[in-house]
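Data first, discussion second: the structure below is written as structure tokens.
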Amino acid sequence: MTQLLNFFDFRQAVDYKLEMLSGLTVAMALIPEAVAFALIAGLSPLTGLYAAFVVGLVASIMGGRPGMISGATGAVAVIIAPLALSHGAEYVFAAVIMAGLFQLAAGFLKLGKLMRLVPQPVILGFVNGLAIIIGGSQIGQFKTDSGQWLTGGALLTFSGLVLLSMLIIWGLPKITKAVPGGLAAILAVFGVVTVLGLDTKTVGDLASISGGFPPLHLPELPLDMDMLRIIAPYAIVVAGVGLIESLLTLNIIDEITQTRGRGNRECIAQGSANILSGMFSGMGGCAMIGQSLINVSSGARARLSGIVAASMLLVFIVFGAELIERLPMAALTGLMIMVAIGTFEWASLRTFRRMPTSDVIIMVLVTAVTALLHNLAFAVLIGVIIAALIFAWDNAVRIRARKHIDEKGWKHYEIYGPLFFGSTTTFSEKFDVNGDPEHVVIDFAESRVADMSALEALNKVTARYAKANKKVHLRHLSKDCLRLLDRADAIIEVNHYEDPTYKVVTNQTSE
């Protein structure tokens with residue numbers, strides 16, 4: 001029993017009142033987004049709400065980051081929209097289940113550690129772009145159902161309520177933290193609208209959220225290759241996007257709370273959540289940075305807040321739909337605008353002059369791609385690829401060779417810097433085959449033979465010396481370099497075993 005409590009982190013100190021109030025705030029903020037995302041995907045509103053409940057509950061219980069909120073997301077909605085349009089909801093449910101299986105596999109294979117490859121400028125660009133998306137998505141609330149901008153009294157009323165909501169969220173924590181600012185703002189705006197009888201947009205204007213408990217419903221599809229070929233591409237993309245967003249959100253919450261989440265457990269939790277979402281008529285989802293920030297900024301740090309948020313969402317659907325549909329959208333709009341302001345890394349703007357130019361370019365590019373395309377996974381991948389290319393270029397031009405001749409008349413080339421595909425040309429230009437003596441030593445004490453291109457470069461150098469009847473001696477290769485050479489005996493035309501003093505790079509000795 002103790003091990004089970006430790007696994008789910010249920011033994012940590014919990015402020016039950018704060019966790020429950022924060023969860024209630026998050027639940028109210030989840031409703032309009034879940035409905036909107038379902039409509040974007042071409043599905044019924046309840047499909048998004050069921051996904052928010054199932055994914056939110058399972059991820060809160062099993063996930064690798066207490067306090068993080070998951071649910072139906074816009075990224076998943078955009079991906080599955082073409083599938084829903086062309087084949088219907090049953091194929092969407094099947095694709096979500098398959099995506100969950102892929103995510104489970106990623107967790108069991110411990111692929112969560114791949115997030116270490118995402119550099120800080122990419123994370124900053126992702127966060128800033130996401131803040132722009134969250135803030136920009138609220139602009140539509142200032143329009144009527146027909147797409148026209150609000151004018152006159154309607155605009156003044158809505159804007160005033162939004163500003164009131166923002167003011168409460170900003171000012172209340174300076175007075176007391178007993179009640180989350182977001183919840184206080186929602187209740188205050190709701191009270192003002194009710195008492196004054198103001199005519200303003202409400203949650204019910206989006207769609208009805210009334211429904212029952214999510215029905216257990218396995219996709220009614222033939223289990224054959226044709227069906228798998230249709231859903232597999234969507235499932236792969238949903239799985240990848242979901243994991244990228246979830247793990248990036250986990251890292252961001254880690255930084256805010258100064259604690260460390262567990263990426264591989266989060267992969268397993270997201271996979272389990274999506275499998276159950278597809279089985280209970282949900283559209284699938286992943287971690288939600290906006291709602292996670294609402295939760296964390298309200299003071300929640302445990303799993304209870306996420307469990308309460310998902311449970312209250314179901315209560316609203318089953319019992320409280322009529323009341324929740326009367327919530328003013330202005331309160332939720334103000335809440336999300338404040339989330340966007342809090343999400344943006346304003347400090348990143350002040351570090352432009354102190355950051356390397358390449359990092360600034362990467363951060364701005366990721367921000368722009370995220371904000372313009374609304375494709376978070378693609379933006380992150382672009383940033384990682386560009387960062388990797390810049391890193392490869394920087395290391396390619398840094399390879400050097402110190403040269404000296406010893407008492408025996410042998411010429412030594414002491415290589416430092418990695419030898420890989422990007423540095424092979426510079427490496428080859430370091431050698432003076434015609435002017436060198438009969439014996440040449442290439443010393444890798446401060447270098448590393450990294451790939452097949454490096455082996456081929458070594459092969460070409462040794463072949464040039466062999467043509468000139470000169471012998472090459474390779475020294476101080478690390479064990480992994482020796483393994484590469486052992487597998488490439490036909491390529492490297494030199495007996496590297498004649499040097500008895502091979503040492504691992506991290507354990508160098510002088511001859």
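Ligands are numbered from 1 in the order shown, chains are lettered A, B, ... in the order of the structure tokens, and residues start at 1 in each chain.
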
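The residue set within 10 Å of Glu325 (chain A), counting only C-alpha atoms and dropping same-chain residues fewer than 6 places from it, reads Ile31, Pro32, Thr202, Val203, Gly204, Asp205, Leu206, Ala207, Ser208, Ile209, Ser210 and Phe316 of chain A.
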
- [ ] For CA of Ala454 (chain A) and CA of Pro121 (chain A), determine how far apart the two atoms are, in Å to one decimal place.
- [x]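 Straight-line distance from CA of Ala454 (chain A) to CA of Pro121 (chain A) works out to 29.6 Å.
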
Give me the residues within 9 Å of Arg301 (chain A) as a list in words, counting only C-alpha atoms and dropping any in the same chain fewer than 2 places off.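 Those residues are Val14, Asp15, Glu19, Pro66, Gly67, Met68, Thr257, Asn295, Val296, Gly299, Arg303, Leu304 and Ser305 of chain A.
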
Nearest to Leu130 (chain A), restricted to only C-alpha atoms and choosing among A:Ser297, A:Ser478, A:Thr367, A:Thr200, comes out as A:Thr367
